[in-house]
Structure formats: C-alpha cells, structure tokens
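This is entry-v3.cif (mmCIF, C-alpha atoms).
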data_final
loop_
_atom_site.label_atom_id
_atom_site.label_comp_id
_atom_site.auth_asym_id
_atom_site.auth_seq_id
_atom_site.Cartn_x
_atom_site.Cartn_y
_atom_site.Cartn_z
CA MET M 1 -72.22 113.13 82.52
CA THR M 2 -71.13 113.05 86.17
CA VAL M 3 -73.11 110.70 88.44
CA LEU M 4 -72.94 111.42 92.16
CA LEU M 5 -72.60 108.47 94.50
CA THR M 6 -75.52 109.79 96.52
CA ASN M 7 -77.75 109.58 93.42
CA LEU M 8 -77.32 105.79 93.25
CA PRO M 9 -79.93 103.51 94.83
CA PRO M 10 -79.02 102.63 98.47
CA GLU M 11 -78.93 98.91 97.55
CA LEU M 12 -76.21 99.57 94.96
CA ILE M 13 -74.21 101.73 97.37
CA ILE M 14 -74.37 98.95 99.96
CA ARG M 15 -73.12 96.46 97.34
CA ILE M 16 -70.15 98.76 96.65
CA LEU M 17 -69.44 99.14 100.38
CA GLU M 18 -69.26 95.36 100.82
CA ASP M 19 -66.05 95.35 98.76
CA LEU M 20 -64.39 98.19 100.67
CA PRO M 21 -62.09 97.90 103.70
CA SER M 22 -63.46 99.26 106.98
CA ARG M 23 -61.13 102.28 106.90
CA ASP M 24 -62.58 103.47 103.59
CA ILE M 25 -66.14 102.92 104.83
CA GLY M 26 -65.35 105.02 107.87
CA LEU M 27 -63.95 107.84 105.73
CA LEU M 28 -66.94 107.72 103.41
CA SER M 29 -69.40 107.90 106.31
CA GLY M 30 -67.91 111.24 107.31
CA THR M 31 -68.71 112.93 103.99
CA CYS M 32 -72.46 113.50 104.42
CA THR M 33 -75.50 112.52 106.48
CA GLN M 34 -76.96 110.33 103.71
CA LEU M 35 -73.82 108.23 103.27
CA ARG M 36 -73.31 108.06 107.02
CA SER M 37 -76.73 106.47 107.38
CA ILE M 38 -76.07 103.98 104.58
CA CYS M 39 -72.58 103.15 105.91
CA ARG M 40 -74.15 102.21 109.24
CA THR M 41 -76.33 99.57 107.57
CA ASP M 42 -75.67 96.41 109.52
CA ILE M 43 -75.33 94.06 106.55
CA VAL M 44 -72.18 95.96 105.53
CA TRP M 45 -70.59 95.27 108.89
CA GLN M 46 -71.85 91.70 108.92
CA LYS M 47 -69.72 91.02 105.84
CA LEU M 48 -66.68 92.58 107.53
CA CYS M 49 -67.24 90.47 110.65
CA GLN M 50 -67.56 87.28 108.62
CA LYS M 51 -64.24 87.94 106.91
CA ILE M 52 -62.63 87.53 110.34
CA CYS M 53 -64.71 84.78 111.95
CA ASP M 54 -68.16 83.22 112.27
CA ILE M 55 -70.38 85.44 114.39
CA GLU M 56 -73.83 84.72 115.82
CA VAL M 57 -75.07 88.27 116.39
CA GLU M 58 -77.79 87.06 118.76
CA GLU M 59 -75.15 85.91 121.26
CA TRP M 60 -73.65 89.40 121.36
CA ASP M 61 -77.00 91.17 121.84
CA THR M 62 -75.83 94.14 119.78
CA THR M 63 -75.24 95.12 116.15
CA TYR M 64 -72.61 93.90 113.72
CA TYR M 65 -71.42 97.49 113.57
CA ASN M 66 -70.65 97.45 117.30
CA ILE M 67 -69.09 94.00 117.15
CA TYR M 68 -66.73 95.04 114.38
CA THR M 69 -65.84 98.56 115.47
CA LYS M 70 -65.49 97.84 119.19
CA VAL M 71 -64.00 94.31 119.14
CA LEU M 72 -63.02 92.69 115.84
CA HIS M 73 -61.40 95.66 114.08
CA ARG M 74 -58.65 95.91 116.68
CA TYR M 75 -58.75 92.60 118.54
CA GLY M 76 -59.86 90.13 115.87
CA ARG M 77 -56.19 89.41 115.26
CA CYS M 78 -56.13 87.76 118.70
CA LEU M 79 -58.21 84.84 117.39
CA GLY M 80 -56.31 81.58 116.95
CA LEU M 81 -53.63 79.54 118.67
CA TRP M 82 -50.77 81.04 120.68
CA ARG M 83 -47.65 79.92 122.49
CA ARG M 84 -46.90 81.61 125.78
CA ASN M 85 -43.43 83.16 125.88
CA MET M 86 -42.30 82.36 129.38
CA ARG M 87 -39.09 80.43 128.94
CA PRO M 88 -38.37 77.75 129.54
CA TYR M 89 -41.88 76.47 130.30
CA GLY M 90 -44.11 78.06 127.67
CA GLY M 91 -47.76 77.14 127.27
CA LEU M 92 -50.66 76.76 124.84
CA MET M 93 -53.54 79.21 124.48
CA GLN M 94 -56.50 79.48 122.14
CA VAL M 95 -58.62 82.59 121.56
CA LYS M 96 -62.03 82.00 120.01
CA VAL M 97 -65.53 83.46 119.86
CA ASP M 98 -67.54 82.29 122.85
CA ASN M 99 -71.02 83.46 123.85
CA GLY M 100 -70.73 87.09 122.83
CA ARG M 101 -67.03 87.65 123.54
CA LEU M 102 -63.52 86.69 122.50
CA LEU M 103 -62.33 84.22 125.11
CA ALA M 104 -58.69 83.23 125.74
CA THR M 105 -58.23 79.80 127.28
CA GLU M 106 -54.93 78.32 128.40
CA TYR M 107 -54.59 74.55 127.96
CA LYS M 108 -52.24 72.68 130.27
CA PRO M 109 -51.05 69.11 129.58
CA PRO M 110 -52.82 66.18 131.25
CA TYR M 111 -51.63 64.97 134.60
CA VAL M 112 -48.37 63.08 134.22
CA SER M 113 -49.88 59.63 134.81
CA ASP M 114 -52.39 59.88 131.95
CA ILE M 115 -51.05 60.66 128.47
CA HIS M 116 -54.56 60.18 127.01
CA GLY M 117 -56.24 62.32 129.63
CA PRO M 118 -57.94 65.59 128.67
CA LEU M 119 -56.09 68.87 128.54
CA ARG M 120 -56.79 71.12 131.53
CA PRO M 121 -58.41 74.37 130.38
CA LYS M 122 -58.23 77.63 132.31
CA LYS M 123 -59.87 80.88 131.20
CA VAL M 124 -57.37 83.74 131.13
CA PHE M 125 -58.96 86.83 129.58
CA SER M 126 -61.95 88.00 127.54
CA ILE M 127 -62.73 90.85 125.14
CA SER M 128 -66.35 91.98 124.90
CA ILE M 129 -68.63 95.00 124.77
CA ASN M 130 -69.77 96.58 128.03
CA LYS M 131 -73.33 97.39 127.01
CA SER M 132 -74.06 99.81 129.84
CA LYS M 133 -71.01 101.91 128.89
CA ASN M 134 -71.09 101.01 125.16
CA ARG M 135 -67.35 100.42 125.03
CA THR M 136 -64.80 97.64 124.67
CA GLU M 137 -64.09 95.74 127.87
CA ILE M 138 -60.98 93.60 128.46
CA LEU M 139 -61.17 91.43 131.57
CA CYS M 140 -58.61 89.25 133.33
CA LEU M 141 -60.26 85.96 134.33
CA HIS M 142 -57.19 84.63 136.09
CA GLY M 143 -56.84 84.74 139.85
CA TYR M 144 -59.14 84.06 142.78
CA GLY M 145 -61.55 86.99 142.72
CA GLU M 146 -64.07 88.19 140.19
CA ALA M 147 -63.15 89.21 136.65
CA HIS M 148 -61.15 92.41 136.76
CA PRO M 149 -59.61 94.90 134.29
CA GLY M 150 -56.88 93.93 131.86
CA SER M 151 -55.27 95.36 128.73
CA ILE M 152 -53.83 94.09 125.45
CA GLU M 153 -50.82 95.40 123.55
CA PHE M 154 -49.58 94.41 120.09
CA GLU M 155 -45.79 94.33 119.82
CA THR M 156 -45.72 93.80 116.05
CA GLU M 157 -48.31 94.10 113.30
CA GLU M 158 -48.89 90.38 112.80
CA SER M 159 -47.71 88.52 115.89
CA ASP M 160 -46.70 88.80 119.53
CA VAL M 161 -49.55 89.88 121.77
CA VAL M 162 -49.10 90.96 125.38
CA PHE M 163 -52.01 90.60 127.79
CA LYS M 164 -51.59 92.52 131.03
CA CYS M 165 -53.59 92.23 134.24
CA CYS M 166 -54.35 95.66 135.68
CA GLN M 167 -55.42 94.52 139.14
CA MET M 168 -52.87 92.10 140.58
CA SER M 169 -54.48 92.16 144.03
CA SER M 170 -57.15 89.82 142.57
CA HIS M 171 -54.46 87.15 142.13
CA ALA M 172 -53.72 86.84 145.84
CA HIS M 173 -55.12 83.70 147.47
CA PRO M 174 -58.05 84.64 149.77
CA LYS M 175 -56.71 82.36 152.51
CA GLY M 176 -53.17 83.67 152.40
CA SER M 177 -49.81 82.78 150.88
CA SER M 178 -49.29 79.63 152.98
CA VAL M 179 -52.44 78.00 151.58
CA GLU M 180 -51.46 79.07 148.08
CA LEU M 181 -48.01 77.52 148.47
CA SER M 182 -49.53 74.27 149.73
CA THR M 183 -51.86 74.14 146.71
CA MET M 184 -48.94 74.77 144.37
CA ILE M 185 -46.88 71.95 145.87
CA LYS M 186 -49.73 69.47 145.46
CA LYS M 187 -50.14 70.41 141.80
CA ILE M 188 -46.40 70.18 141.16
CA PHE M 189 -46.37 66.59 142.43
CA LEU M 190 -49.22 65.78 140.03
CA CYS M 191 -47.84 67.56 136.97
CA PHE M 192 -44.05 67.53 137.33
CA VAL M 193 -41.92 70.55 136.54
CA HIS M 194 -44.34 72.23 134.10
CA GLU M 195 -46.76 73.12 136.85
CA MET M 196 -44.06 75.22 138.46
CA GLY M 197 -43.83 77.28 135.29
CA ASN M 198 -47.60 77.54 135.01
CA MET M 199 -47.84 78.75 138.60
CA LEU M 200 -45.39 81.56 137.95
CA PHE M 201 -48.05 83.46 136.01
CA SER M 202 -49.87 84.04 139.30
CA PHE M 203 -47.08 86.44 140.20
CA SER M 204 -46.64 88.03 136.78
CA GLN M 205 -48.46 91.01 135.33
CA LYS M 206 -47.82 90.16 131.69
CA TYR M 207 -48.82 87.25 129.47
CA ARG M 208 -46.67 87.39 126.33
CA LEU M 209 -47.89 85.35 123.33
CA THR M 210 -46.55 84.31 119.92
CA ARG M 211 -48.89 83.01 117.22
CA ILE M 212 -48.91 79.32 116.29
CA GLU M 213 -49.75 78.51 112.67
CA VAL M 214 -51.08 75.01 112.01
CA GLN M 215 -50.71 73.86 108.41
CA LYS M 216 -53.58 72.45 106.38
CA PRO M 217 -53.70 68.68 105.75
CA ASP M 218 -51.97 67.31 102.67
CA PRO M 219 -51.97 63.69 101.42
CA VAL M 220 -48.18 63.75 100.87
CA TYR M 221 -47.50 64.11 104.62
CA PRO M 222 -46.66 60.81 106.37
CA ILE M 223 -48.60 62.12 109.38
CA GLN M 224 -50.72 65.24 109.25
CA PRO M 225 -49.41 68.42 110.92
CA GLY M 226 -50.89 69.71 114.15
CA LEU M 227 -50.59 69.59 117.93
CA PHE M 228 -49.20 66.59 119.81
CA GLN M 229 -48.36 65.66 123.39
CA ALA M 230 -45.78 63.20 124.70
CA HIS M 231 -44.07 61.96 127.81
CA TYR M 232 -40.80 63.85 127.43
CA SER M 233 -38.02 62.19 129.36
CA ALA M 234 -38.14 63.03 133.08
CA HIS M 235 -40.03 66.28 132.46
CA GLY M 236 -43.52 64.83 132.33
CA ILE M 237 -45.99 65.50 129.51
CA GLU M 238 -45.13 68.29 127.07
CA MET M 239 -46.93 69.71 124.03
CA PHE M 240 -45.53 70.09 120.51
CA LEU M 241 -46.32 71.45 117.04
CA LEU M 242 -45.53 69.30 114.00
CA LYS M 243 -45.03 71.26 110.78
CA TYR M 244 -43.56 70.61 107.31
CA ASP M 245 -41.29 72.45 104.89
CA MET M 246 -41.65 70.43 101.70
CA SER M 247 -39.26 72.72 99.81
CA LYS M 248 -36.52 71.42 102.12
CA LYS M 249 -38.09 67.95 102.41
CA GLU M 250 -38.07 68.40 106.17
CA ALA M 251 -40.46 68.34 109.11
CA GLU M 252 -39.98 69.91 112.53
CA VAL M 253 -41.38 69.06 115.94
CA ILE M 254 -41.39 72.35 117.86
CA LYS M 255 -41.92 72.67 121.59
CA ILE M 256 -45.00 74.55 122.76
CA THR M 257 -44.25 73.75 126.38
CA GLY M 258 -40.65 73.33 127.47
CA ASP M 259 -38.38 72.44 130.36
CA PRO M 260 -35.08 73.64 131.88
CA ASN M 261 -33.11 71.64 129.29
CA VAL M 262 -34.88 72.41 125.99
CA PRO M 263 -37.14 75.48 126.32
CA ALA M 264 -40.48 76.21 124.69
CA GLY M 265 -40.15 77.60 121.18
CA GLU M 266 -37.11 75.46 120.29
CA THR M 267 -37.18 72.68 117.71
CA SER M 268 -37.07 69.31 119.44
CA ILE M 269 -36.80 67.07 116.36
CA TYR M 270 -35.79 67.60 112.72
CA ILE M 271 -37.17 64.87 110.43
CA ASN M 272 -35.31 64.35 107.16
CA LEU M 273 -38.01 63.33 104.67
CA ARG M 274 -35.29 62.49 102.12
CA LYS M 275 -34.14 59.69 104.40
CA PRO M 276 -36.93 57.07 104.44
CA MET M 277 -35.78 53.80 105.95
CA GLN M 278 -36.68 50.18 105.34
CA LEU M 279 -35.50 47.92 108.17
CA THR M 280 -36.06 44.22 108.67
CA LYS M 281 -37.17 42.80 112.00
CA ASP M 282 -33.68 41.42 112.66
CA GLN M 283 -32.10 44.82 111.97
CA GLN M 284 -34.43 46.47 114.50
CA LEU M 285 -33.49 43.91 117.15
CA ASP M 286 -29.78 44.68 116.75
CA VAL M 287 -29.54 47.85 118.86
CA ASN M 288 -25.76 48.09 118.59
CA SER M 289 -25.99 48.30 114.79
CA LEU M 290 -28.76 50.90 115.01
CA LEU M 291 -26.57 52.98 117.29
CA LEU M 292 -23.91 53.11 114.59
CA LEU M 293 -26.34 54.05 111.82
CA GLU M 294 -25.59 57.54 110.50
CA GLU M 295 -27.51 59.87 108.17
CA ASP M 296 -25.01 59.35 105.32
CA ASP M 297 -25.59 55.59 105.51
CA ILE M 298 -29.16 56.06 104.22
CA PRO M 299 -29.62 56.85 100.50
CA ASP M 300 -31.63 59.93 99.58
CA SER M 301 -35.09 59.34 98.16
CA ASP M 302 -37.99 61.60 97.14
CA ASP M 303 -40.44 58.71 97.29
CA VAL M 304 -43.29 59.66 99.65
CA GLN M 305 -45.35 56.51 99.11
CA PRO M 306 -45.90 54.34 102.19
CA ARG M 307 -43.95 51.10 102.28
CA ASN M 308 -45.30 48.45 104.60
CA GLN M 309 -42.54 47.05 106.78
CA PRO M 310 -42.16 45.32 110.14
CA PHE M 311 -41.94 47.37 113.31
CA VAL M 312 -40.31 46.18 116.53
CA ILE M 313 -39.54 48.03 119.74
CA PRO M 314 -35.83 47.32 120.28
CA PRO M 315 -35.12 45.08 123.27
CA GLY M 316 -34.22 46.95 126.44
CA PHE M 317 -36.00 50.19 125.45
CA SER M 318 -38.10 51.98 128.02
CA THR M 319 -41.45 53.31 126.81
CA PHE M 320 -44.52 55.10 128.11
CA LEU M 321 -46.84 53.33 125.67
CA ASP M 322 -50.26 51.92 126.46
CA ASP M 323 -51.65 48.80 124.77
CA PHE M 324 -50.91 50.19 121.28
CA THR M 325 -48.00 48.00 120.15
CA PRO M 326 -48.02 47.84 116.31
CA THR M 327 -46.12 45.15 114.43
CA THR M 328 -45.97 46.99 111.09
CA CYS M 329 -45.52 50.56 109.92
CA ASP M 330 -45.81 52.45 106.63
CA TYR M 331 -43.01 54.95 107.19
CA ARG M 332 -39.75 55.24 109.06
CA TYR M 333 -37.42 58.26 108.85
CA PHE M 334 -33.96 59.15 110.02
CA ALA M 335 -34.13 62.29 112.17
CA ARG M 336 -32.18 64.30 114.72
CA GLY M 337 -33.39 65.05 118.23
CA ARG M 338 -32.41 67.97 120.44
CA ILE M 339 -30.65 67.43 123.78
CA ALA M 340 -29.09 70.03 126.09
CA GLY M 341 -27.87 70.64 129.61
CA ASP M 342 -29.63 72.81 132.16
CA ASP M 343 -30.47 76.33 130.94
CA TYR M 344 -30.21 75.08 127.34
CA ARG M 345 -26.45 74.68 127.78
CA ASP M 346 -24.44 73.06 124.93
CA PRO M 347 -27.45 72.07 122.78
CA ASP M 348 -26.77 69.21 120.40
CA LEU M 349 -28.63 67.09 117.83
CA ILE M 350 -28.37 63.30 118.05
CA PRO M 351 -29.62 60.57 115.67
CA VAL M 352 -33.18 59.34 116.28
CA HIS M 353 -35.76 57.44 114.25
CA VAL M 354 -39.31 58.72 113.68
CA VAL M 355 -42.07 56.20 112.92
CA PRO M 356 -45.52 57.69 112.07
CA PHE M 357 -48.86 55.87 112.37
CA GLU M 358 -51.36 58.27 110.77
CA VAL M 359 -54.41 56.06 111.30
CA HIS M 360 -53.79 56.19 115.06
CA GLY M 361 -52.75 59.84 115.18
CA VAL M 362 -49.39 58.99 116.75
CA PHE M 363 -45.71 58.87 115.86
CA PHE M 364 -42.91 57.21 117.79
CA VAL M 365 -39.46 58.67 118.35
CA LEU M 366 -36.66 56.24 119.17
CA TRP M 367 -33.76 57.80 121.13
CA PHE M 368 -31.02 55.19 120.75
CA LYS M 369 -28.54 57.09 122.91
CA PHE M 370 -30.92 56.80 125.88
CA TRP M 371 -32.54 53.46 125.00
CA ASP M 372 -35.88 55.21 125.10
CA MET M 373 -38.97 55.50 122.87
CA ASP M 374 -41.57 58.27 123.17
CA GLY M 375 -45.07 58.22 121.75
CA PHE M 376 -46.32 61.58 120.39
CA TYR M 377 -50.14 61.54 120.46
CA ARG M 378 -52.32 63.97 118.53
CA ILE M 379 -54.17 66.48 120.72
CA LYS M 380 -57.88 66.18 119.99
CA ASP M 381 -59.27 68.50 122.67
CA ILE M 382 -58.81 71.64 120.55
CA ASN M 383 -60.65 72.42 117.33
CA ILE M 384 -58.20 74.15 115.00
#

I need this file expressed as structure tokens, please.
Amino acid sequence: MTVLLTNLPPELIIRILEDLPSRDIGLLSGTCTQLRSICRTDIVWQKLCQKICDIEVEEWDTTYYNIYTKVLHRYGRCLGLWRRNMRPYGGLMQVKVDNGRLLATEYKPPYVSDIHGPLRPKKVFSISINKSKNRTEILCLHGYGEAHPGSIEFETEESDVVFKCCQMSSHAHPKGSSVELSTMIKKIFLCFVHEMGNMLFSFSQKYRLTRIEVQKPDPVYPIQPGLFQAHYSAHGIEMFLLKYDMSKKEAEVIKITGDPNVPAGETSIYINLRKPMQLTKDQQLDVNSLLLLEEDDIPDSDDVQPRNQPFVIPPGFSTFLDDFTPTTCDYRYFARGRIAGDDYRDPDLIPVHVVPFEVHGVFFVLWFKFWDMDGFYRIKDINI
C-alpha cells in the first residue's frame, strides 16, 4: 500500500525535514501548499541555523527561516578566523554572530611598546537583514562616514572571501587629505611598519581574505596550537599561527601579519619535533658551541614526554622579555627560522631553538645568528 507523505502527521513530517539539507527542503516546499506550510515551520530552520552557529533568535527580531535563507545559507561560511591577503603586511579578522548580524572585526597588534597590551579591534563589515526591505544587507563599517553598502564574493567553494566597499567616498577624511596624512604618520610612529600596511586599506576597494584553521588542543603538543604575537626583529609586533602536523612530527609558526622581508602567509619557523634537546646550563652559556650545533648533531627521538632541564638566556642576547625569566623548561627543540632580504628576496632557513612554556602560554625562539631571543605570547583577546 502506498502512503503519501502528505498523509503523515505534521509532527512526523517535521522530524523527517530536520534530517534534510536546506536545498531538499526548498524543493519539497514547492510541491504543494500543505508541504509548503509545513516546510516553513520555524523549528526546521532553527535546526539548520544551529548546525552553522549558535543563534539567539530574539537578537535578530525575525524568524529562523529568515535568518537561514537570507544570511546563513549563503554567508554562514564567512564565520571564523581569516587572514587578510595584502602582502606583505596581512592582518587578522574574525567574523562572528553579534547582536542580530554577522560582524567582521579586524584585530591589529598592540602598540609596539606593549607586547601584553590588548589587540586593537576595528569593525569592517556586517551582514544582516534589512527588516523594512526584508532582504540581506551587507554594510561597510570602515571609513569616516556612516555605514554604507558593500558586497561579498566567494572565489572558491571553501575559502578565499573578497569583501568590497561599494561607496569609497565614505572613506575620505572629512577634514581633508592633509589631516588624514598627519593622523597616519602619528599611528605609524606608534605601531611601526605594520600600521602603514593597515592604512593602505583606506585607499583600497577590496578586502581579500583566506581562512585560518586553528587546531583543537591535544595533550601530546608541547604547547597548544593557536594565535600568538611577538616582537619580530625591527618590524614591531607581529601575529602568528602555530599549528602541528604530527604525521611529519613537525610544527609550523605561520605569519598572519608580515613585513617587507617575510610576508604574511609565509612560514616563519619550522619546528622539528623529532629533535628534542637536553642541554646543561654550561652548554647554554657557550654561545660559540651553540652556533655550531647542526640538526644532524641531535639524535632523532619520538619521545614527547616533558623532560625538566635548566634554561638560561645566553649571555649577550637581546630580548624583549618582561619579568618572566624562567630557570627551567620542559621542552627544547631544534628548529629553522625564516630570514630574507627586502621583497622576500633570497629566503633562507637558519638554525634556531624553540623553548615552549605551556603553563605561561609562551614559547621562546633563540636566533643564534643574530644573538636575539623573541618571546611568542598567546593571544587571549579572541575566543576561538
């Protein structure tokens, strides 16, 4: 005996719809008036919304159906962390649900004198529902005037988003170009070279983004993956992503923000997890011997257990550290750090040591060629 779908109780049809993708629900709603009415039941669309993110429908002042069909179905993929593709400087952006909209916020590094200072947020664009017109509204929040129209393009199915401002006149300083230039110069002195790159967006119509994936914590990692910031040579404070490839027994420190030597998006440090080191205090004080230490001098090991050992900052090293000066560490790894000339000319990898301190959310990188040690501090301003 054939049983028609429309003969089933509405509650059972709704239960079936909860397991269907939105495309199939849309096709089904076009078959008859009865199914169209059931397919518009808000609990069906609530489930679809929750598969993408947590939604408080009261903040949106509309239905789950509208939230999904007008915002999340097409633009839900914008949620998450992104790196700005504007070489060499780059940038960090997060898109999240905020008070009835998807809000994109750019996070700039702290001012150069304060490695532990807060990131500097700036709202860039939003995606919401214009209730009076009952349609999706994309607004550019950058510039000096009120929010104004923008657009979003997807270059590939999974990554690379382009946000475009559609009203560049709103980016002109209300007091003229001379005041704008003066403001830029003051910020550049505070923030070093990165502020120059950040300022360039004021004169650009497009904001090109590549997704950043942050790995989940794992007890085998000597320091958990995530976002870090560090004083990076003469370039001020830069931001980085630490990630692991345990199949290769390797970790990478990838630049989110960059500089004219090593641009954003490039790997700054390769950490060889097969090369754990155990150095005495006297060995760490002998900089000349450390300079001669090569990767092949260290035996391979798959042991990931921490091994308490002394830690000493080699004499003569310059650092940007605060009062955190540990005397012991659990891990120490041989690694290679990226150096290059201007415009990423003749890039090379040189020996460095990486020393993680998970309990403090920091790892040190010792650049023996430059007699320099950088502290990479975990970014805590952003909930991932």

Carefully work through the PyMOL selection byres ((chain M and resi 367) around 12) for this structure and note down the residues it includes, as a ChimeraX atom specification.
/M:232-233,269,287,290-291,313-314,317-319,334-339,349-355,364-366,368-375

Shell of 12 Å around Lys47 (chain M), all atoms listed in the file, local chain residues under 3 positions omitted, as JSON, numbers by chain:
{"M": [14, 15, 17, 18, 19, 20, 21, 22, 41, 42, 43, 44, 50, 51, 52, 53, 54, 55, 64, 65, 67, 68]}

May I have the protein, DNA and RNA residues with an atom at most 10 Å from (-57.4, 96.2, 133.2), counting only C-alpha atoms in the file's coordinates, returned as a list in words?
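Returned residue set, sorted by chain then number, is Glu137, Ile138, Leu139, Cys140, Ala147, His148, Pro149, Gly150, Ser151, Ile152, Phe163, Lys164, Cys165, Cys166, Gln167 and Met168 of chain M.
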
With all atoms listed in the file as the counted atoms, please give the residues lying no more than 9 Å from Ile379 (chain M), apart from itself and same-chain residues fewer than 4 positions off, as a PyMOL selection string.
chain M and resi 116+118-119+226-229+239+361

Hits from the PyMOL selection byres ((chain M and resi 357) around 10), listed as a ChimeraX atom specification
/M:222-223,326,328-332,355-356,358-364,377

Check which residues satisfy the PyMOL selection byres ((chain M and resi 341) around 12) in the file shown, then give them as a CSV table (one decimal) with C-alpha atoms, keeping the file's coordinate frame.
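File out.csv, as written:
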chain,number,residue,atom,x,y,z
M,259,ASP,CA,-38.4,72.4,130.4
M,260,PRO,CA,-35.1,73.6,131.9
M,261,ASN,CA,-33.1,71.6,129.3
M,262,VAL,CA,-34.9,72.4,126.0
M,263,PRO,CA,-37.1,75.5,126.3
M,338,ARG,CA,-32.4,68.0,120.4
M,339,ILE,CA,-30.6,67.4,123.8
M,340,ALA,CA,-29.1,70.0,126.1
M,342,ASP,CA,-29.6,72.8,132.2
M,343,ASP,CA,-30.5,76.3,130.9
M,344,TYR,CA,-30.2,75.1,127.3
M,345,ARG,CA,-26.4,74.7,127.8
M,346,ASP,CA,-24.4,73.1,124.9
M,347,PRO,CA,-27.4,72.1,122.8
M,348,ASP,CA,-26.8,69.2,120.4

CA of Glu146 (chain M) and CA of Asn130 (chain M) are how many Å apart?
15.8 Å

Option closest in space to Glu58 (chain M), from M:Leu72, M:Tyr89, M:Phe311, M:Gly100 [counting all atoms listed in the file]
M:Gly100

With 3 Å added on each side, what axis-aligned box encloses every listed atom of region 52-69 of chain M? Give the centre and edge lengths in Å to one decimal, as AutoDock Vina command-line options.
--center_x -70.2 --center_y 90.9 --center_z 116.1 --size_x 21.2 --size_y 21.3 --size_z 17.5

Between CA of Val220 (chain M) and CA of Leu241 (chain M) lies a distance of 18.0 Å

Could you check how far CA of Lys248 (chain M) sits from CA of Ile384 (chain M), in Å to one decimal?
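Atom-to-atom, CA of Lys248 (chain M) to CA of Ile384 (chain M), that is 25.4 Å.
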
Please identify all polymer residues within 8 Å of Lys122 (chain M), counting only C-alpha atoms, omitting same-chain residues fewer than 3 positions from it, and present them as a PyMOL selection string.
chain M and resi 105-107

Polymer residues at most 9 Å from (-50.7, 74.6, 116.3) by all atoms listed in the file, as JSON, numbers by chain
{"M": [80, 81, 82, 83, 92, 211, 212, 213, 214, 215, 225, 226, 227, 228, 240, 241, 242, 243, 256, 384]}

Reconstruct N, CA, C and O atoms of region 135-147 of chain M from the incomplete input and present them as a PDB file, keeping the file's coordinate frame.
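Heads up, here's the output in out.pdb:
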ATOM      1  N   ARG M 135     -68.777 100.358 125.346  1.00  0.00           N
ATOM      2  CA  ARG M 135     -67.350 100.420 125.030  1.00  0.00           C
ATOM      3  C   ARG M 135     -66.718  99.044 125.155  1.00  0.00           C
ATOM      4  O   ARG M 135     -67.282  98.134 125.781  1.00  0.00           O
ATOM      5  N   THR M 136     -65.543  98.893 124.585  1.00  0.00           N
ATOM      6  CA  THR M 136     -64.800  97.640 124.670  1.00  0.00           C
ATOM      7  C   THR M 136     -64.364  97.379 126.102  1.00  0.00           C
ATOM      8  O   THR M 136     -63.930  98.299 126.811  1.00  0.00           O
ATOM      9  N   GLU M 137     -64.476  96.111 126.507  1.00  0.00           N
ATOM     10  CA  GLU M 137     -64.090  95.740 127.870  1.00  0.00           C
ATOM     11  C   GLU M 137     -63.154  94.531 127.831  1.00  0.00           C
ATOM     12  O   GLU M 137     -63.509  93.483 127.293  1.00  0.00           O
ATOM     13  N   ILE M 138     -61.949  94.694 128.368  1.00  0.00           N
ATOM     14  CA  ILE M 138     -60.980  93.600 128.460  1.00  0.00           C
ATOM     15  C   ILE M 138     -60.885  93.199 129.922  1.00  0.00           C
ATOM     16  O   ILE M 138     -60.601  94.031 130.792  1.00  0.00           O
ATOM     17  N   LEU M 139     -61.143  91.914 130.189  1.00  0.00           N
ATOM     18  CA  LEU M 139     -61.170  91.430 131.570  1.00  0.00           C
ATOM     19  C   LEU M 139     -60.153  90.324 131.772  1.00  0.00           C
ATOM     20  O   LEU M 139     -59.995  89.443 130.915  1.00  0.00           O
ATOM     21  N   CYS M 140     -59.462  90.354 132.897  1.00  0.00           N
ATOM     22  CA  CYS M 140     -58.610  89.250 133.330  1.00  0.00           C
ATOM     23  C   CYS M 140     -59.473  88.267 134.100  1.00  0.00           C
ATOM     24  O   CYS M 140     -60.162  88.646 135.052  1.00  0.00           O
ATOM     25  N   LEU M 141     -59.464  87.007 133.694  1.00  0.00           N
ATOM     26  CA  LEU M 141     -60.260  85.960 134.330  1.00  0.00           C
ATOM     27  C   LEU M 141     -59.412  85.070 135.209  1.00  0.00           C
ATOM     28  O   LEU M 141     -59.908  84.111 135.782  1.00  0.00           O
ATOM     29  N   HIS M 142     -58.129  85.395 135.296  1.00  0.00           N
ATOM     30  CA  HIS M 142     -57.190  84.630 136.090  1.00  0.00           C
ATOM     31  C   HIS M 142     -57.218  85.135 137.526  1.00  0.00           C
ATOM     32  O   HIS M 142     -57.540  86.290 137.765  1.00  0.00           O
ATOM     33  N   GLY M 143     -56.873  84.293 138.458  1.00  0.00           N
ATOM     34  CA  GLY M 143     -56.840  84.740 139.850  1.00  0.00           C
ATOM     35  C   GLY M 143     -57.973  84.134 140.657  1.00  0.00           C
ATOM     36  O   GLY M 143     -58.675  83.223 140.210  1.00  0.00           O
ATOM     37  N   TYR M 144     -58.192  84.649 141.851  1.00  0.00           N
ATOM     38  CA  TYR M 144     -59.140  84.060 142.780  1.00  0.00           C
ATOM     39  C   TYR M 144     -60.414  84.878 142.942  1.00  0.00           C
ATOM     40  O   TYR M 144     -61.421  84.379 143.421  1.00  0.00           O
ATOM     41  N   GLY M 145     -60.380  86.147 142.571  1.00  0.00           N
ATOM     42  CA  GLY M 145     -61.550  86.990 142.720  1.00  0.00           C
ATOM     43  C   GLY M 145     -62.396  87.017 141.467  1.00  0.00           C
ATOM     44  O   GLY M 145     -62.295  86.154 140.595  1.00  0.00           O
ATOM     45  N   GLU M 146     -63.252  88.028 141.368  1.00  0.00           N
ATOM     46  CA  GLU M 146     -64.070  88.190 140.190  1.00  0.00           C
ATOM     47  C   GLU M 146     -63.229  88.708 139.018  1.00  0.00           C
ATOM     48  O   GLU M 146     -62.083  89.107 139.194  1.00  0.00           O
ATOM     49  N   ALA M 147     -63.833  88.653 137.829  1.00  0.00           N
ATOM     50  CA  ALA M 147     -63.150  89.210 136.650  1.00  0.00           C
ATOM     51  C   ALA M 147     -62.811  90.673 136.917  1.00  0.00           C
ATOM     52  O   ALA M 147     -63.586  91.415 137.519  1.00  0.00           O
TER      53      ALA M 147
END
